[in-house]
>>> print(open('model-v5.txt').read())   # compact mmCIF, C-alpha atoms and all ligand atoms
# COMPACT_ATOMS: atom_id res chain seq x y z
CA MET Q 30 10.67 1.22 13.84
CA TYR Q 31 12.84 -1.49 12.27
CA PRO Q 32 12.40 -4.27 11.36
CA VAL Q 33 8.65 -4.51 10.77
CA THR Q 34 7.01 -7.89 11.15
CA ARG Q 35 3.25 -8.20 11.27
CA THR Q 36 1.11 -11.18 10.47
CA SER Q 37 -2.48 -11.84 9.48
CA PRO Q 38 -4.10 -15.26 9.03
CA ARG Q 39 -2.52 -15.91 5.61
CA LEU Q 40 -0.04 -13.08 5.05
CA ALA Q 41 2.90 -11.34 6.66
CA LEU Q 42 4.58 -7.97 6.24
CA ARG Q 43 8.36 -7.99 6.27
CA GLU Q 44 11.22 -5.73 5.28
CA LEU Q 45 12.41 -5.88 1.66
CA GLY Q 46 15.74 -7.40 0.64
CA ILE Q 47 17.66 -6.99 -2.59
CA GLN Q 48 16.72 -10.59 -3.49
CA ASP Q 49 13.10 -9.37 -3.86
CA VAL Q 50 13.64 -7.39 -7.08
CA ASP Q 51 12.16 -9.99 -9.45
CA ALA Q 52 9.15 -10.63 -7.22
CA VAL Q 53 8.45 -6.87 -7.01
CA LEU Q 54 8.95 -6.61 -10.79
CA ALA Q 55 6.14 -9.17 -11.22
CA ILE Q 56 3.87 -6.51 -9.68
CA TYR Q 57 5.36 -3.13 -10.65
CA GLY Q 58 6.32 -4.34 -14.13
CA SER Q 59 2.84 -5.68 -14.81
CA PRO Q 60 0.54 -3.60 -17.08
CA GLU Q 61 -2.44 -5.19 -15.32
CA ALA Q 62 -1.28 -4.40 -11.77
CA THR Q 63 -0.23 -0.83 -12.64
CA GLU Q 64 -3.26 0.04 -14.81
CA HIS Q 65 -4.74 2.33 -12.13
CA LEU Q 66 -1.52 3.26 -10.32
CA SER Q 67 0.22 6.60 -10.69
CA PHE Q 68 3.00 5.23 -12.92
CA GLU Q 69 3.56 3.17 -16.06
CA PRO Q 70 4.91 -0.39 -15.69
CA ARG Q 71 8.47 -0.19 -14.32
CA THR Q 72 11.56 -1.76 -15.84
CA ARG Q 73 13.77 -4.17 -13.90
CA GLU Q 74 16.31 -1.41 -13.41
CA GLN Q 75 13.68 0.96 -12.00
CA VAL Q 76 12.39 -1.73 -9.67
CA GLY Q 77 15.97 -2.41 -8.55
CA ASP Q 78 16.29 1.29 -7.64
CA ILE Q 79 12.96 1.28 -5.78
CA VAL Q 80 13.94 -1.78 -3.75
CA ALA Q 81 17.40 -0.37 -3.00
CA ARG Q 82 15.89 2.97 -1.89
CA SER Q 83 13.31 1.15 0.22
CA ILE Q 84 16.03 -0.83 1.98
CA ALA Q 85 18.04 2.33 2.65
CA SER Q 86 15.00 4.25 3.95
CA ALA Q 87 14.10 1.40 6.32
CA THR Q 88 16.97 2.19 8.65
CA ALA Q 89 16.80 5.98 8.39
CA GLU Q 90 16.31 7.83 11.68
CA PRO Q 91 13.61 8.98 11.97
CA ARG Q 92 12.02 6.50 9.58
CA SER Q 93 9.53 8.23 7.31
CA GLU Q 94 8.79 5.41 4.87
CA TYR Q 95 7.74 1.81 5.34
CA ALA Q 96 7.99 0.06 1.96
CA LEU Q 97 7.37 -3.58 2.75
CA ALA Q 98 7.00 -7.00 1.22
CA VAL Q 99 3.64 -8.75 1.53
CA VAL Q 100 4.40 -12.44 1.85
CA GLU Q 101 2.18 -15.49 1.70
CA ARG Q 102 2.89 -17.36 4.94
CA ASP Q 103 2.28 -20.83 3.48
CA THR Q 104 4.75 -20.46 0.61
CA ASN Q 105 6.95 -17.63 1.89
CA GLU Q 106 6.48 -16.03 -1.55
CA LEU Q 107 6.38 -12.25 -2.01
CA ILE Q 108 2.95 -11.59 -3.54
CA GLY Q 109 2.55 -7.90 -2.79
CA PHE Q 110 4.10 -4.54 -2.07
CA GLY Q 111 2.78 -2.22 0.63
CA ARG Q 112 3.91 1.25 1.53
CA LEU Q 113 3.16 3.64 4.35
CA ALA Q 114 4.77 7.08 4.07
CA MET Q 115 4.61 9.67 6.84
CA ASP Q 116 2.76 12.77 5.74
CA PRO Q 117 5.17 15.71 6.14
CA HIS Q 118 2.29 18.20 6.23
CA GLN Q 119 0.19 16.63 8.96
CA GLN Q 120 0.80 15.43 12.50
CA ARG Q 121 0.76 11.63 13.03
CA ALA Q 122 -0.57 10.93 9.54
CA ALA Q 123 0.57 8.76 6.66
CA THR Q 124 -0.44 7.98 3.11
CA PHE Q 125 -0.43 4.37 2.04
CA GLY Q 126 -0.46 2.24 -1.08
CA PHE Q 127 -0.64 -1.44 -1.88
CA ALA Q 128 -0.47 -3.70 -4.92
CA LEU Q 129 -0.61 -7.45 -5.34
CA ARG Q 130 0.57 -9.74 -8.12
CA PRO Q 131 -2.41 -10.33 -10.42
CA ASP Q 132 -2.47 -14.10 -9.87
CA ALA Q 133 -3.00 -13.44 -6.15
CA TRP Q 134 -6.10 -11.26 -6.67
CA GLY Q 135 -9.62 -12.29 -5.76
CA VAL Q 136 -9.03 -14.39 -2.63
CA GLY Q 137 -9.19 -11.68 0.02
CA TYR Q 138 -5.45 -10.90 0.17
CA GLY Q 139 -6.09 -7.25 -0.72
CA LEU Q 140 -8.27 -6.77 2.34
CA GLU Q 141 -5.75 -8.63 4.52
CA THR Q 142 -2.96 -6.40 3.18
CA VAL Q 143 -4.86 -3.19 3.88
CA ARG Q 144 -5.59 -4.38 7.43
CA LEU Q 145 -1.91 -5.24 7.96
CA LEU Q 146 -0.85 -1.76 6.85
CA LEU Q 147 -3.52 -0.04 8.95
CA GLY Q 148 -2.50 -2.16 11.96
CA LEU Q 149 1.11 -1.12 11.45
CA GLY Q 150 0.11 2.53 11.19
CA PHE Q 151 -2.25 2.71 14.14
CA GLU Q 152 -0.87 0.09 16.54
CA ASP Q 153 2.88 0.14 15.96
CA LEU Q 154 3.41 3.72 14.78
CA GLY Q 155 0.69 5.42 16.84
CA LEU Q 156 -0.77 7.29 13.87
CA HIS Q 157 -3.94 9.36 14.03
CA ARG Q 158 -4.89 9.18 10.33
CA VAL Q 159 -4.01 6.93 7.40
CA TRP Q 160 -5.18 7.74 3.90
CA GLY Q 161 -4.90 6.38 0.41
CA ALA Q 162 -5.62 7.90 -2.99
CA ARG Q 163 -6.99 5.80 -5.82
CA SER Q 164 -7.89 6.32 -9.43
CA PRO Q 165 -11.61 7.07 -9.90
CA LEU Q 166 -11.75 3.96 -12.12
CA ASN Q 167 -10.11 1.65 -9.57
CA GLU Q 168 -13.15 -0.25 -8.38
CA ALA Q 169 -11.10 -3.05 -6.77
CA SER Q 170 -9.18 -0.57 -4.63
CA ALA Q 171 -12.37 1.30 -3.64
CA LYS Q 172 -14.04 -1.94 -2.53
CA THR Q 173 -10.94 -3.15 -0.69
CA MET Q 174 -10.46 0.06 1.32
CA THR Q 175 -14.20 0.28 2.03
CA ALA Q 176 -14.25 -3.37 3.17
CA ALA Q 177 -11.47 -2.49 5.64
CA GLY Q 178 -13.67 0.26 7.10
CA MET Q 179 -12.01 3.26 5.44
CA VAL Q 180 -14.22 6.21 4.58
CA GLU Q 181 -14.36 7.76 1.12
CA GLU Q 182 -13.71 11.45 1.76
CA GLY Q 183 -13.70 13.12 -1.62
CA THR Q 184 -11.78 13.91 -4.76
CA ILE Q 185 -8.43 15.59 -5.28
CA ARG Q 186 -8.73 17.14 -8.72
CA GLY Q 187 -5.83 16.89 -11.17
CA HIS Q 188 -3.76 14.94 -8.64
CA ILE Q 189 -1.71 12.57 -10.81
CA ARG Q 190 0.02 13.08 -14.14
CA LYS Q 191 0.02 9.83 -16.12
CA ALA Q 192 0.43 9.12 -19.81
CA GLY Q 193 0.51 12.86 -20.56
CA ARG Q 194 -2.80 13.62 -18.80
CA TRP Q 195 -3.87 14.83 -15.37
CA ARG Q 196 -6.02 12.43 -13.41
CA ASP Q 197 -8.19 12.96 -10.32
CA SER Q 198 -7.79 10.82 -7.20
CA VAL Q 199 -10.44 9.65 -4.75
CA VAL Q 200 -9.33 9.74 -1.11
CA HIS Q 201 -10.17 7.00 1.41
CA ALA Q 202 -9.10 7.45 5.03
CA MET Q 203 -9.32 5.99 8.51
CA LEU Q 204 -8.82 7.67 11.91
CA GLU Q 205 -7.38 5.97 14.98
CA ASP Q 206 -10.70 5.65 16.84
CA GLU Q 207 -12.26 4.07 13.73
CA TRP Q 208 -9.43 1.52 13.63
CA ARG Q 209 -10.03 0.70 17.30
CA ALA Q 210 -13.72 0.12 16.54
CA VAL Q 211 -13.16 -2.21 13.56
CA SER Q 212 -10.19 -4.13 14.96
CA ARG Q 213 -11.81 -5.07 18.25
C1 LIG E 1 -6.71 -3.63 -5.21
C2 LIG E 1 -6.21 -5.05 -4.98
C3 LIG E 1 -5.10 -5.02 -3.93
C4 LIG E 1 -7.38 -5.90 -4.47
O1 LIG E 1 -6.85 -7.16 -4.12
P1 LIG E 1 -7.74 -8.48 -4.02
O2 LIG E 1 -6.94 -9.44 -3.21
O3 LIG E 1 -8.21 -8.92 -5.34
O4 LIG E 1 -8.99 -7.94 -3.16
P2 LIG E 1 -9.86 -8.82 -2.15
O5 LIG E 1 -10.02 -10.20 -2.69
O6 LIG E 1 -9.34 -8.65 -0.75
O7 LIG E 1 -11.27 -8.08 -2.27
C5 LIG E 1 -11.60 -6.93 -1.49
C6 LIG E 1 -12.92 -6.36 -2.01
O8 LIG E 1 -12.72 -5.81 -3.33
C7 LIG E 1 -13.60 -6.43 -4.26
N1 LIG E 1 -12.89 -6.53 -5.53
C8 LIG E 1 -11.66 -7.08 -5.74
N2 LIG E 1 -11.31 -6.96 -7.03
C9 LIG E 1 -12.36 -6.33 -7.65
C10 LIG E 1 -12.58 -5.90 -9.00
N3 LIG E 1 -11.67 -6.09 -9.96
N4 LIG E 1 -13.74 -5.26 -9.27
C11 LIG E 1 -14.67 -5.03 -8.31
N5 LIG E 1 -14.49 -5.41 -7.01
C12 LIG E 1 -13.36 -6.05 -6.70
C13 LIG E 1 -13.93 -7.76 -3.63
O9 LIG E 1 -15.16 -8.30 -4.11
C14 LIG E 1 -14.01 -7.39 -2.17
O10 LIG E 1 -15.21 -6.69 -1.90
P3 LIG E 1 -16.30 -7.25 -0.88
O11 LIG E 1 -15.60 -7.26 0.46
O12 LIG E 1 -17.38 -6.24 -0.97
O13 LIG E 1 -16.64 -8.61 -1.39
C15 LIG E 1 -5.68 -5.69 -6.30
O14 LIG E 1 -6.70 -5.65 -7.26
C16 LIG E 1 -4.44 -5.00 -6.85
O15 LIG E 1 -3.31 -5.27 -6.42
N6 LIG E 1 -4.64 -4.10 -7.86
C17 LIG E 1 -3.54 -3.39 -8.52
C18 LIG E 1 -2.89 -2.35 -7.64
C19 LIG E 1 -3.89 -1.37 -7.08
O16 LIG E 1 -4.79 -0.93 -7.77
N7 LIG E 1 -3.69 -0.99 -5.79
C20 LIG E 1 -4.50 -0.01 -5.11
C21 LIG E 1 -3.89 1.31 -5.31
S1 LIG E 1 -4.91 2.63 -4.65
>>> encode(input="model-v5.txt", output="structure tokens")
Amino acid sequence: MYPVTRTSPRLALRELGIQDVDAVLAIYGSPEATEHLSFEPRTREQVGDIVARSIASATAEPRSEYALAVVERDTNELIGFGRLAMDPHQQRAATFGFALRPDAWGVGYGLETVRLLLGLGFEDLGLHRVWGARSPLNEASAKTMTAAGMVEEGTIRGHIRKAGRWRDSVVHAMLEDEWRAVSR
């Protein structure tokens, strides 16, 4: 599916463009925003590569990755990055991730972003299961996925290698019938 456009009351999901590199860098280059993510803060060059790869993957057939800009509708500013990636090992399933610029935290945009991504997965892509993995210390992510109705399923031990150490991940997931129940 290309291009993706989905809206919520205050936000929209749209495809990335090469002009978005600095706005994505404000998230992926931020020590605060990446504290609990699987990687260290990215450089501008790394973010340029991520955005370029995301743009290329958007028109692949079949499309297996949806790396998207989260935009504030009022200002048209990119304030977040959301990603849904088809799970190659499971039928009609995807993993997802999301991150917002720190100055946009705390006003409910995280919950709106998660709902946008779940809506894309279940309504547009016809998925059966969407799941996300968070750091055990990432309280904000746990609360945001729980607030969206996702269920905490358990722990993947030694899932992520970061800063020279293995870290566990906690899995949160939603199934299609659960989405139908919460999005009514
Ligand atoms: C996770 C993130 C998207 C949350 O965004 P946000 O816009 O601040 O979240 P919201 O305002 O929608 O809040 C959603 C819920 O999380 C809670 N929450 C948000 N930040 C929190 C924090 N730092 N500590 C505890 N709870 C927090 C809110 O109180 C709310 O819970 P409630 O519905 O029970 O009141 C944001 O903190 C972020 O981008 N973090 C860095 C990247 C990241 O960790 N992504 C997740 C990867 S798994």
>>> atom_distance(input="model-v5.txt", atom1="atom CA of Q:Val136", atom2="atom CA of Q:Thr34")
22.1 Å
>>> atom_distance(input="model-v5.txt", atom1="atom CA of Q:Thr142", atom2="atom CA of Q:Pro91")
24.3 Å
>>> closest_residue(input="model-v5.txt", among="Q:Glu101, Q:Glu44, Q:Glu90, Q:Asp153", to="ligand LIG 1 (chain E)", atoms="only C-alpha atoms and all ligand atoms")
Q:Glu101
>>> closest_atom_pairs(input="model-v5.txt", of="chain Q", to="ligand LIG 1 (chain E)", cutoff="7 Å", atoms="all atoms listed in the file", output="JSON lines")
{"residue": "Q:Ala62", "atom": "CA", "partner": "E:LIG1", "partner_atom": "C17", "distance": 4.1}
{"residue": "Q:Thr63", "atom": "CA", "partner": "E:LIG1", "partner_atom": "C18", "distance": 5.9}
{"residue": "Q:His65", "atom": "CA", "partner": "E:LIG1", "partner_atom": "O16", "distance": 5.4}
{"residue": "Q:Leu66", "atom": "CA", "partner": "E:LIG1", "partner_atom": "C21", "distance": 5.9}
{"residue": "Q:Gly126", "atom": "CA", "partner": "E:LIG1", "partner_atom": "C21", "distance": 5.5}
{"residue": "Q:Phe127", "atom": "CA", "partner": "E:LIG1", "partner_atom": "N7", "distance": 5.0}
{"residue": "Q:Ala128", "atom": "CA", "partner": "E:LIG1", "partner_atom": "O15", "distance": 3.6}
{"residue": "Q:Leu129", "atom": "CA", "partner": "E:LIG1", "partner_atom": "O15", "distance": 3.6}
{"residue": "Q:Arg130", "atom": "CA", "partner": "E:LIG1", "partner_atom": "O15", "distance": 6.2}
{"residue": "Q:Pro131", "atom": "CA", "partner": "E:LIG1", "partner_atom": "O15", "distance": 6.5}
{"residue": "Q:Ala133", "atom": "CA", "partner": "E:LIG1", "partner_atom": "O2", "distance": 6.3}
{"residue": "Q:Trp134", "atom": "CA", "partner": "E:LIG1", "partner_atom": "O3", "distance": 3.4}
{"residue": "Q:Gly135", "atom": "CA", "partner": "E:LIG1", "partner_atom": "O3", "distance": 3.7}
{"residue": "Q:Val136", "atom": "CA", "partner": "E:LIG1", "partner_atom": "O5", "distance": 4.3}
{"residue": "Q:Gly137", "atom": "CA", "partner": "E:LIG1", "partner_atom": "O6", "distance": 3.1}
{"residue": "Q:Tyr138", "atom": "CA", "partner": "E:LIG1", "partner_atom": "O2", "distance": 4.0}
{"residue": "Q:Gly139", "atom": "CA", "partner": "E:LIG1", "partner_atom": "O2", "distance": 3.4}
{"residue": "Q:Leu140", "atom": "CA", "partner": "E:LIG1", "partner_atom": "O6", "distance": 3.8}
{"residue": "Q:Glu141", "atom": "CA", "partner": "E:LIG1", "partner_atom": "O6", "distance": 6.4}
{"residue": "Q:Gly161", "atom": "CA", "partner": "E:LIG1", "partner_atom": "S1", "distance": 6.3}
{"residue": "Q:Ala162", "atom": "CA", "partner": "E:LIG1", "partner_atom": "S1", "distance": 5.6}
{"residue": "Q:Arg163", "atom": "CA", "partner": "E:LIG1", "partner_atom": "S1", "distance": 4.0}
{"residue": "Q:Ser164", "atom": "CA", "partner": "E:LIG1", "partner_atom": "S1", "distance": 6.7}
{"residue": "Q:Asn167", "atom": "CA", "partner": "E:LIG1", "partner_atom": "O16", "distance": 6.2}
{"residue": "Q:Glu168", "atom": "CA", "partner": "E:LIG1", "partner_atom": "C11", "distance": 5.0}
{"residue": "Q:Ala169", "atom": "CA", "partner": "E:LIG1", "partner_atom": "C9", "distance": 3.6}
{"residue": "Q:Ser170", "atom": "CA", "partner": "E:LIG1", "partner_atom": "C1", "distance": 4.0}
{"residue": "Q:Lys172", "atom": "CA", "partner": "E:LIG1", "partner_atom": "O8", "distance": 4.2}
{"residue": "Q:Thr173", "atom": "CA", "partner": "E:LIG1", "partner_atom": "C5", "distance": 3.9}
{"residue": "Q:Ala176", "atom": "CA", "partner": "E:LIG1", "partner_atom": "O11", "distance": 4.9}
>>> atom_distance(input="model-v5.txt", atom1="atom CA of Q:Glu207", atom2="atom CA of Q:Thr36")
20.5 Å
>>> closest_residue(input="model-v5.txt", among="Q:Arg102, Q:Arg144, Q:Arg158, Q:His201", to="Q:Gln119", atoms="only C-alpha atoms")
Q:Arg158
>>> residues_around(input="model-v5.txt", residues="Q:Leu154", least_positions_apart="2", cutoff="12 Å", atoms="all atoms listed in the file", output="PyMOL selection string")
chain Q and resi 30-31+33+91-95+113-115+121-123+146-152+156-159+205
>>> closest_residue(input="model-v5.txt", among="Q:Gln75, Q:Ala41, Q:Glu181, Q:Asp206", to="Q:Gly111", atoms="all atoms listed in the file")
Q:Ala41
>>> residues_around(input="model-v5.txt", residues="Q:Asp49", least_positions_apart="2", cutoff="12 Å", atoms="all atoms listed in the file", output="PDB file with C-alpha atoms, in the frame of the given file")
ATOM      1  CA  ARG Q  43       8.360  -7.990   6.270  1.00  0.00           C
ATOM      2  CA  GLU Q  44      11.220  -5.730   5.280  1.00  0.00           C
ATOM      3  CA  LEU Q  45      12.410  -5.880   1.660  1.00  0.00           C
ATOM      4  CA  GLY Q  46      15.740  -7.400   0.640  1.00  0.00           C
ATOM      5  CA  ILE Q  47      17.660  -6.990  -2.590  1.00  0.00           C
ATOM      6  CA  ASP Q  51      12.160  -9.990  -9.450  1.00  0.00           C
ATOM      7  CA  ALA Q  52       9.150 -10.630  -7.220  1.00  0.00           C
ATOM      8  CA  VAL Q  53       8.450  -6.870  -7.010  1.00  0.00           C
ATOM      9  CA  LEU Q  54       8.950  -6.610 -10.790  1.00  0.00           C
ATOM     10  CA  ALA Q  55       6.140  -9.170 -11.220  1.00  0.00           C
ATOM     11  CA  ILE Q  56       3.870  -6.510  -9.680  1.00  0.00           C
ATOM     12  CA  ARG Q  73      13.770  -4.170 -13.900  1.00  0.00           C
ATOM     13  CA  VAL Q  76      12.390  -1.730  -9.670  1.00  0.00           C
ATOM     14  CA  GLY Q  77      15.970  -2.410  -8.550  1.00  0.00           C
ATOM     15  CA  ASP Q  78      16.290   1.290  -7.640  1.00  0.00           C
ATOM     16  CA  ILE Q  79      12.960   1.280  -5.780  1.00  0.00           C
ATOM     17  CA  VAL Q  80      13.940  -1.780  -3.750  1.00  0.00           C
ATOM     18  CA  ALA Q  81      17.400  -0.370  -3.000  1.00  0.00           C
ATOM     19  CA  SER Q  83      13.310   1.150   0.220  1.00  0.00           C
ATOM     20  CA  ILE Q  84      16.030  -0.830   1.980  1.00  0.00           C
ATOM     21  CA  LEU Q  97       7.370  -3.580   2.750  1.00  0.00           C
ATOM     22  CA  ALA Q  98       7.000  -7.000   1.220  1.00  0.00           C
ATOM     23  CA  VAL Q  99       3.640  -8.750   1.530  1.00  0.00           C
ATOM     24  CA  VAL Q 100       4.400 -12.440   1.850  1.00  0.00           C
ATOM     25  CA  ASN Q 105       6.950 -17.630   1.890  1.00  0.00           C
ATOM     26  CA  GLU Q 106       6.480 -16.030  -1.550  1.00  0.00           C
ATOM     27  CA  LEU Q 107       6.380 -12.250  -2.010  1.00  0.00           C
ATOM     28  CA  ILE Q 108       2.950 -11.590  -3.540  1.00  0.00           C
ATOM     29  CA  GLY Q 109       2.550  -7.900  -2.790  1.00  0.00           C
ATOM     30  CA  PHE Q 110       4.100  -4.540  -2.070  1.00  0.00           C
TER      31      PHE Q 110
END
>>> residues_near_point(input="model-v5.txt", point="(-10.5, 19.3, -4.8)", cutoff="10 Å", atoms="all atoms listed in the file", output="NGL selection string")
:Q and (183-188 or 197-199)
>>> write_last_selection(input="model-v5.txt", atoms="C-alpha atoms", output="PDB file, keeping the file's coordinate frame")
ATOM      1  CA  GLY Q 183     -13.700  13.120  -1.620  1.00  0.00           C
ATOM      2  CA  THR Q 184     -11.780  13.910  -4.760  1.00  0.00           C
ATOM      3  CA  ILE Q 185      -8.430  15.590  -5.280  1.00  0.00           C
ATOM      4  CA  ARG Q 186      -8.730  17.140  -8.720  1.00  0.00           C
ATOM      5  CA  GLY Q 187      -5.830  16.890 -11.170  1.00  0.00           C
ATOM      6  CA  HIS Q 188      -3.760  14.940  -8.640  1.00  0.00           C
ATOM      7  CA  ASP Q 197      -8.190  12.960 -10.320  1.00  0.00           C
ATOM      8  CA  SER Q 198      -7.790  10.820  -7.200  1.00  0.00           C
ATOM      9  CA  VAL Q 199     -10.440   9.650  -4.750  1.00  0.00           C
TER      10      VAL Q 199
END
